[in-house]
$ cat coords_1.cif   # mmCIF, C-alpha atoms
data_structure
loop_
_atom_site.label_atom_id
_atom_site.label_comp_id
_atom_site.auth_asym_id
_atom_site.auth_seq_id
_atom_site.Cartn_x
_atom_site.Cartn_y
_atom_site.Cartn_z
CA MET A 1 -7.75 19.86 17.46
CA ALA A 2 -10.51 17.45 16.62
CA THR A 3 -9.65 13.94 15.55
CA THR A 4 -9.56 13.41 11.81
CA VAL A 5 -10.91 10.24 10.31
CA ILE A 6 -10.62 9.55 6.64
CA THR A 7 -11.81 6.45 4.88
CA GLY A 8 -11.40 4.71 1.58
CA ARG A 9 -14.32 6.74 0.35
CA ASP A 10 -12.21 9.89 0.70
CA ILE A 11 -9.84 8.54 -1.93
CA SER A 12 -10.11 9.69 -5.48
CA LEU A 13 -8.18 7.90 -8.17
CA SER A 14 -7.56 8.52 -11.84
CA PHE A 15 -5.60 6.77 -14.58
CA THR A 16 -4.29 8.31 -17.74
CA GLY A 17 -6.62 7.15 -20.46
CA GLY A 18 -9.88 8.18 -18.89
CA THR A 19 -11.13 4.84 -17.62
CA ASP A 20 -13.67 5.05 -14.83
CA ILE A 21 -11.54 3.38 -12.20
CA GLU A 22 -13.43 4.86 -9.26
CA ALA A 23 -16.55 2.97 -10.23
CA GLN A 24 -14.70 -0.34 -9.94
CA ALA A 25 -11.95 0.03 -7.33
CA THR A 26 -12.64 -1.37 -3.88
CA SER A 27 -9.17 -0.79 -2.47
CA ALA A 28 -6.22 1.35 -3.55
CA ILE A 29 -3.02 1.36 -1.49
CA LEU A 30 0.27 3.03 -2.40
CA THR A 31 3.26 1.77 -0.45
CA LYS A 32 6.58 3.57 -0.63
CA VAL A 33 9.48 2.09 1.28
CA LEU A 34 13.05 2.95 2.08
CA GLU A 35 15.54 0.16 1.59
CA ARG A 36 17.97 0.83 4.41
CA GLN A 37 21.18 -1.01 5.11
CA THR A 38 22.32 -1.44 8.68
CA TYR A 39 26.02 -1.64 9.49
CA GLN A 40 27.47 -2.80 12.76
CA THR A 41 30.36 -0.50 13.59
CA LEU A 42 32.57 -0.18 16.61
CA ASP A 43 30.48 2.88 17.53
CA GLY A 44 27.20 0.99 17.18
CA GLU A 45 24.73 0.72 14.34
CA ALA A 46 25.04 2.95 11.29
CA TYR A 47 22.40 3.29 8.63
CA LYS A 48 22.44 4.05 4.93
CA THR A 49 19.41 4.26 2.68
CA THR A 50 20.37 2.70 -0.64
CA ASN A 51 17.12 2.77 -2.56
CA VAL A 52 13.53 3.95 -2.53
CA SER A 53 10.86 1.76 -4.05
CA ALA A 54 7.10 1.80 -4.25
CA THR A 55 4.24 -0.46 -5.17
CA PHE A 56 0.61 0.24 -5.80
CA ALA A 57 -1.92 -2.41 -4.78
CA LEU A 58 -5.30 -2.12 -6.44
CA GLU A 59 -8.34 -4.31 -5.92
CA MET A 60 -11.30 -3.85 -8.14
CA LEU A 61 -14.47 -5.38 -9.44
CA ALA A 62 -13.78 -6.82 -12.87
CA ASP A 63 -15.29 -4.74 -15.66
CA TRP A 64 -14.75 -6.85 -18.77
CA GLY A 65 -17.10 -5.78 -21.53
CA LYS A 66 -17.80 -2.34 -20.11
CA THR A 67 -17.24 0.76 -22.22
CA SER A 68 -13.86 2.22 -21.20
CA SER A 69 -13.08 -0.97 -19.28
CA VAL A 70 -10.12 -0.71 -16.92
CA CYS A 71 -9.33 -4.41 -17.28
CA GLU A 72 -9.37 -4.24 -21.06
CA ALA A 73 -7.27 -1.06 -21.11
CA LEU A 74 -4.62 -2.64 -18.90
CA TRP A 75 -4.62 -5.87 -20.89
CA THR A 76 -4.16 -3.92 -24.12
CA ALA A 77 -1.42 -1.81 -22.55
CA CYS A 78 0.45 -4.97 -21.53
CA ASP A 79 0.12 -6.36 -25.06
CA THR A 80 1.13 -3.24 -26.92
CA SER A 81 3.42 -1.25 -24.64
CA PRO A 82 4.37 -3.20 -21.53
CA ASP A 83 7.25 -0.89 -20.67
CA THR A 84 5.35 2.36 -21.06
CA ASP A 85 4.33 4.03 -17.84
CA ILE A 86 0.75 4.75 -16.89
CA THR A 87 0.38 7.79 -14.68
CA ILE A 88 -1.87 7.47 -11.68
CA THR A 89 -3.08 10.23 -9.41
CA LEU A 90 -4.34 9.21 -6.00
CA VAL A 91 -5.83 11.77 -3.66
CA SER A 92 -5.89 10.24 -0.19
CA ALA A 93 -8.00 13.08 1.15
CA THR A 94 -8.42 16.69 0.25
CA GLY A 95 -4.99 18.28 0.44
CA ALA A 96 -2.88 15.14 0.01
CA SER A 97 -2.29 14.16 -3.59
CA PHE A 98 0.14 11.54 -4.90
CA SER A 99 1.05 11.14 -8.54
CA PHE A 100 3.18 8.27 -9.76
CA PRO A 101 3.98 6.18 -12.85
CA ILE A 102 3.32 2.46 -12.88
CA LYS A 103 4.20 -0.35 -15.23
CA PRO A 104 1.10 -2.15 -16.50
CA SER A 105 0.25 -5.64 -15.29
CA TYR A 106 -2.12 -8.14 -16.83
CA PRO A 107 -5.37 -8.47 -14.91
CA THR A 108 -6.45 -11.90 -13.76
CA VAL A 109 -9.48 -13.31 -15.50
CA GLY A 110 -12.27 -15.33 -13.95
CA GLY A 111 -13.87 -15.79 -10.59
CA ALA A 112 -15.34 -18.20 -8.13
CA GLY A 113 -18.87 -19.52 -8.08
CA MET A 114 -21.48 -16.89 -7.42
CA ASP A 115 -19.07 -14.23 -6.19
CA ALA A 116 -18.50 -11.07 -8.15
CA GLN A 117 -15.42 -11.34 -10.33
CA THR A 118 -12.60 -9.32 -8.84
CA VAL A 119 -9.09 -8.41 -9.91
CA SER A 120 -6.08 -7.74 -7.70
CA TYR A 121 -3.00 -5.91 -8.91
CA GLU A 122 0.39 -5.20 -7.39
CA PHE A 123 1.84 -2.57 -9.70
CA LEU A 124 5.49 -1.60 -9.64
CA VAL A 125 5.92 2.14 -9.33
CA THR A 126 8.62 3.08 -11.83
CA GLY A 127 11.71 4.19 -9.97
CA GLY A 128 9.70 4.57 -6.80
CA ALA A 129 8.92 8.02 -8.13
CA VAL A 130 5.99 9.38 -6.20
CA THR A 131 5.27 13.08 -6.46
CA GLU A 132 3.30 14.23 -3.48
CA THR A 133 1.47 17.49 -3.08
CA PHE A 134 0.48 18.47 0.43
CA SER A 135 -1.54 21.57 1.09
CA MET B 1 -24.91 8.86 -19.06
CA PRO B 2 -28.59 9.61 -18.42
CA ALA B 3 -29.89 10.28 -14.95
CA SER B 4 -30.94 7.16 -13.12
CA THR B 5 -32.55 6.20 -9.88
CA ILE B 6 -32.44 2.91 -8.01
CA LEU B 7 -36.01 2.40 -9.17
CA SER B 8 -35.28 2.92 -12.85
CA ALA B 9 -31.80 1.40 -13.00
CA ILE B 10 -32.10 -1.51 -10.59
CA ARG B 11 -35.55 -2.41 -9.34
CA THR B 12 -37.55 -1.98 -12.53
CA PRO B 13 -35.23 -4.12 -14.68
CA LEU B 14 -35.29 -6.83 -12.02
CA ALA B 15 -39.08 -6.67 -11.66
CA THR B 16 -39.47 -6.74 -15.44
CA ALA B 17 -37.28 -9.82 -15.67
CA LEU B 18 -39.20 -11.51 -12.88
CA SER B 19 -42.50 -10.79 -14.60
CA GLY B 20 -41.64 -13.60 -17.00
CA VAL B 21 -42.12 -16.31 -14.37
CA ALA B 22 -45.42 -18.09 -13.83
CA ALA B 23 -46.34 -16.26 -10.64
CA ASN B 24 -47.71 -12.98 -9.39
CA VAL B 25 -44.87 -10.50 -9.09
CA TYR B 26 -44.87 -7.76 -6.47
CA ALA B 27 -42.27 -5.00 -6.37
CA PHE B 28 -43.36 -4.27 -2.79
CA VAL B 29 -44.66 -6.18 0.22
CA PRO B 30 -48.32 -6.93 -0.55
CA GLU B 31 -50.96 -7.02 2.15
CA SER B 32 -52.54 -10.17 0.76
CA PRO B 33 -50.26 -11.92 -1.72
CA VAL B 34 -51.87 -14.26 -4.19
CA SER B 35 -49.82 -17.43 -4.52
CA PRO B 36 -47.77 -18.46 -6.29
CA CYS B 37 -45.98 -15.17 -6.03
CA VAL B 38 -42.60 -13.48 -6.17
CA VAL B 39 -42.01 -10.47 -3.92
CA LEU B 40 -39.06 -8.15 -4.37
CA VAL B 41 -38.02 -6.48 -1.12
CA PRO B 42 -34.86 -4.77 0.15
CA ASP B 43 -32.47 -6.96 2.11
CA SER B 44 -30.34 -5.86 5.04
CA PRO B 45 -27.96 -4.17 4.74
CA TYR B 46 -29.71 -2.54 1.82
CA LEU B 47 -26.88 -0.38 0.52
CA GLU B 48 -23.19 -1.15 0.99
CA LEU B 49 -20.54 1.35 -0.03
CA GLU B 50 -17.72 -0.94 -1.17
CA THR B 51 -15.85 1.20 -3.66
CA ILE B 52 -13.48 4.05 -3.04
CA SER B 53 -14.36 7.69 -3.65
CA LYS B 54 -17.42 9.65 -2.77
CA SER B 55 -17.48 11.96 -5.78
CA THR B 56 -20.08 9.65 -7.27
CA ILE B 57 -22.18 7.23 -5.28
CA HIS B 58 -21.33 3.65 -6.16
CA ALA B 59 -23.27 1.23 -3.99
CA LYS B 60 -23.84 -2.48 -3.72
CA ILE B 61 -27.57 -3.05 -3.34
CA ASN B 62 -28.97 -6.16 -1.70
CA PHE B 63 -32.43 -7.52 -2.36
CA THR B 64 -34.45 -10.45 -1.18
CA ILE B 65 -36.70 -12.11 -3.69
CA SER B 66 -39.27 -13.97 -1.63
CA VAL B 67 -40.72 -16.87 -3.56
CA ALA B 68 -44.00 -18.23 -2.23
CA VAL B 69 -46.38 -21.02 -3.11
CA ALA B 70 -49.50 -22.34 -1.43
CA TYR B 71 -48.77 -24.81 1.34
CA ASN B 72 -51.31 -27.55 0.90
CA SER B 73 -49.32 -30.72 0.61
CA ASN B 74 -45.74 -30.85 1.72
CA PRO B 75 -44.25 -32.86 -1.19
CA ALA B 76 -46.23 -30.97 -3.84
CA SER B 77 -45.56 -27.58 -2.26
CA LEU B 78 -41.87 -28.29 -2.04
CA ASP B 79 -41.82 -29.35 -5.68
CA ASN B 80 -43.76 -26.24 -6.65
CA ILE B 81 -41.43 -23.87 -4.81
CA GLU B 82 -38.35 -25.62 -6.19
CA GLN B 83 -39.68 -25.17 -9.71
CA LEU B 84 -40.56 -21.54 -9.05
CA ILE B 85 -37.10 -20.88 -7.58
CA MET B 86 -35.50 -22.40 -10.67
CA SER B 87 -37.61 -20.24 -12.96
CA VAL B 88 -36.66 -17.14 -10.92
CA LEU B 89 -32.96 -18.01 -11.08
CA ALA B 90 -33.27 -18.48 -14.84
CA VAL B 91 -34.51 -14.94 -15.45
CA ILE B 92 -32.16 -13.01 -13.16
CA PRO B 93 -30.61 -10.40 -15.47
CA SER B 94 -26.87 -10.16 -16.03
CA GLY B 95 -25.19 -7.91 -13.53
CA TYR B 96 -27.22 -9.29 -10.63
CA VAL B 97 -25.47 -11.75 -8.33
CA VAL B 98 -27.43 -14.52 -6.61
CA SER B 99 -25.66 -15.35 -3.39
CA SER B 100 -27.93 -17.95 -1.82
CA VAL B 101 -31.41 -19.37 -1.53
CA GLU B 102 -32.62 -19.73 2.04
CA ARG B 103 -34.49 -22.85 3.15
CA PRO B 104 -38.26 -22.84 2.63
CA THR B 105 -40.36 -22.06 5.67
CA VAL B 106 -44.08 -22.24 6.30
CA THR B 107 -45.55 -18.81 6.96
CA GLN B 108 -49.06 -17.68 7.72
CA VAL B 109 -49.95 -14.57 5.70
CA GLY B 110 -53.49 -13.40 6.36
CA ALA B 111 -55.74 -16.36 5.75
CA SER B 112 -53.19 -18.13 3.58
CA THR B 113 -50.53 -20.59 4.56
CA LEU B 114 -47.54 -20.18 2.29
CA LEU B 115 -44.27 -22.00 1.76
CA ILE B 116 -41.70 -19.23 1.31
CA ALA B 117 -38.03 -19.21 0.38
CA ASP B 118 -35.82 -16.14 0.08
CA VAL B 119 -33.42 -15.67 -2.82
CA ARG B 120 -30.60 -13.26 -1.97
CA VAL B 121 -29.64 -11.05 -4.88
CA SER B 122 -27.26 -8.13 -5.13
CA THR B 123 -26.05 -5.74 -7.77
CA TYR B 124 -24.18 -2.47 -8.09
CA TYR B 125 -25.67 0.96 -8.63
CA THR B 126 -23.92 4.09 -9.81
CA GLN B 127 -25.73 7.33 -9.25
CA THR B 128 -25.92 9.52 -12.31
CA THR B 129 -27.37 13.00 -12.49
#

$ encode --input "coords_1.cif" --output "structure tokens"
Amino acid sequence: MATTVITGRDISLSFTGGTDIEAQATSAILTKVLERQTYQTLDGEAYKTTNVSATFALEMLADWGKTSSVCEALWTACDTSPDTDITITLVSATGASFSFPIKPSYPTVGGAGMDAQTVSYEFLVTGGAVTETFS
Amino acid sequence: MPASTILSAIRTPLATALSGVAANVYAFVPESPVSPCVVLVPDSPYLELETISKSTIHAKINFTISVAVAYNSNPASLDNIEQLIMSVLAVIPSGYVVSSVERPTVTQVGASTLLIADVRVSTYYTQTT
């Protein structure tokens, strides 16, 4: 079978609320991890997974002032309903879709010199609950 | 959102803004530029695909704005090009990022000797249909 190569441009991303995140996002990475305890027994190592957690790292070009601004929507969400989940759907490539709730985080504001203003987020995925759909 | 091309969404607004400076403005590479002049040309790489997703084309576009004045007397020419660079920087529209201004160099163009400096400018383009 031929080698498959997928890139960041194969990703599609959507937020609840209808903001145009794809026009701004330069990187979107979902990380789900098992928190596994290791026990030293007389028979050797034993393992027990005690928790599953996930984070969603998003880097984007700041879009303050834009109609349907992602930065403004997240800022408002943090002000008004910081504990309400925002549902994100990330399609890594055709046939691999991941849907998950995140808690909002305030975007950073500002930038350096003549560089484009950027924002980096590290969202907590609520309960590590990622629903994947593989074709 | 109305349909847009790089010409209508990016180059024309930039050229229109540049038309406010006291120089001849070319949106292409002229055969015989008349100094002082400002020439808008693509930089390399021209298009950079920095954002995720390919459902819509979002591209960073790089341009070089070549600023040229007659090279007759070194101190006066340098002063002239510095003033012209400042006037170009002053009219760059919002949404366009100036990354650097390269050092002036003496260049022979046709029968003219010009002092030229390149202003690196970039912006982002979203294709709409």

$ closest_atom_pairs --input "coords_1.cif" --of "chain B" --to "chain A" --cutoff "12 Å" --atoms "all atoms listed in the file" --output "Markdown table"
| residue | atom | partner | partner_atom | distance |
| --- | --- | --- | --- | --- |
| B:Met1 | CA | A:Thr67 | CA | 11.6 |
| B:Glu48 | CA | A:Thr26 | CA | 11.6 |
| B:Leu49 | CA | A:Arg9 | CA | 8.2 |
| B:Glu50 | CA | A:Thr26 | CA | 5.8 |
| B:Thr51 | CA | A:Thr26 | CA | 4.1 |
| B:Ile52 | CA | A:Arg9 | CA | 4.4 |
| B:Ser53 | CA | A:Arg9 | CA | 4.1 |
| B:Lys54 | CA | A:Arg9 | CA | 5.3 |
| B:Ser55 | CA | A:Ser12 | CA | 7.7 |
| B:Thr56 | CA | A:Ala23 | CA | 8.1 |
| B:Ile57 | CA | A:Ala23 | CA | 8.6 |
| B:His58 | CA | A:Ala23 | CA | 6.3 |
| B:Ala59 | CA | A:Ala23 | CA | 9.3 |
| B:Lys60 | CA | A:Ala116 | CA | 11.0 |
| B:Ser94 | CA | A:Ala116 | CA | 11.5 |
| B:Gly95 | CA | A:Ala116 | CA | 9.1 |
| B:Tyr96 | CA | A:Ala116 | CA | 9.2 |
| B:Val97 | CA | A:Met114 | CA | 6.6 |
| B:Val98 | CA | A:Met114 | CA | 6.5 |
| B:Ser99 | CA | A:Met114 | CA | 6.0 |
| B:Ser100 | CA | A:Met114 | CA | 8.6 |
| B:Val101 | CA | A:Met114 | CA | 11.8 |
| B:Arg120 | CA | A:Met114 | CA | 11.2 |
| B:Val121 | CA | A:Met114 | CA | 10.4 |
| B:Ser122 | CA | A:Ala116 | CA | 9.7 |
| B:Thr123 | CA | A:Ala116 | CA | 9.2 |
| B:Tyr124 | CA | A:Ala23 | CA | 9.6 |
| B:Tyr125 | CA | A:Ala23 | CA | 9.5 |
| B:Thr126 | CA | A:Ala23 | CA | 7.5 |
| B:Gln127 | CA | A:Ala23 | CA | 10.2 |
| B:Thr128 | CA | A:Ala23 | CA | 11.6 |

$ atom_distance --input "coords_1.cif" --atom1 "CA of Pro104 in chain B" --atom2 "CA of Val69 in chain B"
10.1 Å

$ closest_residue --input "coords_1.cif" --among "A:Lys66, A:Ile6, A:Cys71, A:Thr19" --to "Thr118 in chain A" --atoms "all atoms listed in the file"
A:Cys71

$ atom_distance --input "coords_1.cif" --atom1 "CA of Ala54 in chain A" --atom2 "CA of Ser105 in chain A"
15.0 Å

$ residues_near_point --input "coords_1.cif" --point "(1.0, 17.7, 5.4)" --cutoff "12 Å" --atoms "only C-alpha atoms" --output "VMD selection string"
chain A and resid 92 to 97 132 to 135

$ write_last_selection --input "coords_1.cif" --atoms "C-alpha atoms" --output "PDB file, keeping the file's coordinate frame"
ATOM      1  CA  SER A  92      -5.890  10.240  -0.190  1.00  0.00           C
ATOM      2  CA  ALA A  93      -8.000  13.080   1.150  1.00  0.00           C
ATOM      3  CA  THR A  94      -8.420  16.690   0.250  1.00  0.00           C
ATOM      4  CA  GLY A  95      -4.990  18.280   0.440  1.00  0.00           C
ATOM      5  CA  ALA A  96      -2.880  15.140   0.010  1.00  0.00           C
ATOM      6  CA  SER A  97      -2.290  14.160  -3.590  1.00  0.00           C
ATOM      7  CA  GLU A 132       3.300  14.230  -3.480  1.00  0.00           C
ATOM      8  CA  THR A 133       1.470  17.490  -3.080  1.00  0.00           C
ATOM      9  CA  PHE A 134       0.480  18.470   0.430  1.00  0.00           C
ATOM     10  CA  SER A 135      -1.540  21.570   1.090  1.00  0.00           C
TER      11      SER A 135
END

$ closest_residue --input "coords_1.cif" --among "A:Phe15, A:Phe98, A:Tyr47, A:Tyr106" --to "Phe123 in chain A" --atoms "all atoms listed in the file"
A:Tyr106

$ residues_around --input "coords_1.cif" --residues "range 112-119 of chain B" --least-positions-apart "5" --cutoff "9 Å" --atoms "only C-alpha atoms" --output "PyMOL selection string"
chain B and resi 32-36+63-72+74+77-78+81+85+88-89+98-107

$ write_last_selection --input "coords_1.cif" --atoms "C-alpha atoms" --output "PDB file, keeping the file's coordinate frame"
ATOM      1  CA  SER B  32     -52.540 -10.170   0.760  1.00  0.00           C
ATOM      2  CA  PRO B  33     -50.260 -11.920  -1.720  1.00  0.00           C
ATOM      3  CA  VAL B  34     -51.870 -14.260  -4.190  1.00  0.00           C
ATOM      4  CA  SER B  35     -49.820 -17.430  -4.520  1.00  0.00           C
ATOM      5  CA  PRO B  36     -47.770 -18.460  -6.290  1.00  0.00           C
ATOM      6  CA  PHE B  63     -32.430  -7.520  -2.360  1.00  0.00           C
ATOM      7  CA  THR B  64     -34.450 -10.450  -1.180  1.00  0.00           C
ATOM      8  CA  ILE B  65     -36.700 -12.110  -3.690  1.00  0.00           C
ATOM      9  CA  SER B  66     -39.270 -13.970  -1.630  1.00  0.00           C
ATOM     10  CA  VAL B  67     -40.720 -16.870  -3.560  1.00  0.00           C
ATOM     11  CA  ALA B  68     -44.000 -18.230  -2.230  1.00  0.00           C
ATOM     12  CA  VAL B  69     -46.380 -21.020  -3.110  1.00  0.00           C
ATOM     13  CA  ALA B  70     -49.500 -22.340  -1.430  1.00  0.00           C
ATOM     14  CA  TYR B  71     -48.770 -24.810   1.340  1.00  0.00           C
ATOM     15  CA  ASN B  72     -51.310 -27.550   0.900  1.00  0.00           C
ATOM     16  CA  ASN B  74     -45.740 -30.850   1.720  1.00  0.00           C
ATOM     17  CA  SER B  77     -45.560 -27.580  -2.260  1.00  0.00           C
ATOM     18  CA  LEU B  78     -41.870 -28.290  -2.040  1.00  0.00           C
ATOM     19  CA  ILE B  81     -41.430 -23.870  -4.810  1.00  0.00           C
ATOM     20  CA  ILE B  85     -37.100 -20.880  -7.580  1.00  0.00           C
ATOM     21  CA  VAL B  88     -36.660 -17.140 -10.920  1.00  0.00           C
ATOM     22  CA  LEU B  89     -32.960 -18.010 -11.080  1.00  0.00           C
ATOM     23  CA  VAL B  98     -27.430 -14.520  -6.610  1.00  0.00           C
ATOM     24  CA  SER B  99     -25.660 -15.350  -3.390  1.00  0.00           C
ATOM     25  CA  SER B 100     -27.930 -17.950  -1.820  1.00  0.00           C
ATOM     26  CA  VAL B 101     -31.410 -19.370  -1.530  1.00  0.00           C
ATOM     27  CA  GLU B 102     -32.620 -19.730   2.040  1.00  0.00           C
ATOM     28  CA  ARG B 103     -34.490 -22.850   3.150  1.00  0.00           C
ATOM     29  CA  PRO B 104     -38.260 -22.840   2.630  1.00  0.00           C
ATOM     30  CA  THR B 105     -40.360 -22.060   5.670  1.00  0.00           C
ATOM     31  CA  VAL B 106     -44.080 -22.240   6.300  1.00  0.00           C
ATOM     32  CA  THR B 107     -45.550 -18.810   6.960  1.00  0.00           C
TER      33      THR B 107
END

$ resolve_selection --input "coords_1.cif" --expression "the PyMOL selection byres ((chain A and resi 80-88) around 9)" --output "mmCIF file with C-alpha atoms, in the coordinates of the input"
data_model
loop_
_atom_site.group_PDB
_atom_site.id
_atom_site.type_symbol
_atom_site.label_atom_id
_atom_site.label_comp_id
_atom_site.auth_asym_id
_atom_site.auth_seq_id
_atom_site.Cartn_x
_atom_site.Cartn_y
_atom_site.Cartn_z
ATOM 1 C CA LEU A 13 -8.180 7.900 -8.170
ATOM 2 C CA SER A 14 -7.560 8.520 -11.840
ATOM 3 C CA PHE A 15 -5.600 6.770 -14.580
ATOM 4 C CA THR A 16 -4.290 8.310 -17.740
ATOM 5 C CA GLY A 17 -6.620 7.150 -20.460
ATOM 6 C CA TRP A 75 -4.620 -5.870 -20.890
ATOM 7 C CA THR A 76 -4.160 -3.920 -24.120
ATOM 8 C CA ALA A 77 -1.420 -1.810 -22.550
ATOM 9 C CA CYS A 78 0.450 -4.970 -21.530
ATOM 10 C CA ASP A 79 0.120 -6.360 -25.060
ATOM 11 C CA THR A 89 -3.080 10.230 -9.410
ATOM 12 C CA LEU A 90 -4.340 9.210 -6.000
ATOM 13 C CA PHE A 98 0.140 11.540 -4.900
ATOM 14 C CA SER A 99 1.050 11.140 -8.540
ATOM 15 C CA PHE A 100 3.180 8.270 -9.760
ATOM 16 C CA PRO A 101 3.980 6.180 -12.850
ATOM 17 C CA ILE A 102 3.320 2.460 -12.880
ATOM 18 C CA LYS A 103 4.200 -0.350 -15.230
ATOM 19 C CA PRO A 104 1.100 -2.150 -16.500
ATOM 20 C CA SER A 105 0.250 -5.640 -15.290
ATOM 21 C CA VAL A 125 5.920 2.140 -9.330
ATOM 22 C CA THR A 126 8.620 3.080 -11.830
#

$ atom_distance --input "coords_1.cif" --atom1 "CA of Val5 in chain A" --atom2 "CA of Leu58 in chain A"
21.6 Å

$ resolve_selection --input "coords_1.cif" --expression "the PyMOL selection byres ((chain B and resi 41) around 7)" --output "PyMOL selection string"
chain B and resi 27-29+39-40+42-43+63-65

$ residues_around --input "coords_1.cif" --residues "Ala15 in chain B" --least-positions-apart "4" --cutoff "9 Å" --atoms "all atoms listed in the file" --output "number ranges by chain"
B: 10-11, 19, 25-27, 40

$ resolve_selection --input "coords_1.cif" --expression "the PyMOL selection byres ((chain A and resi 36) around 6)" --output "MDAnalysis selection string"
chainID A and resid 34:35 37 48:50
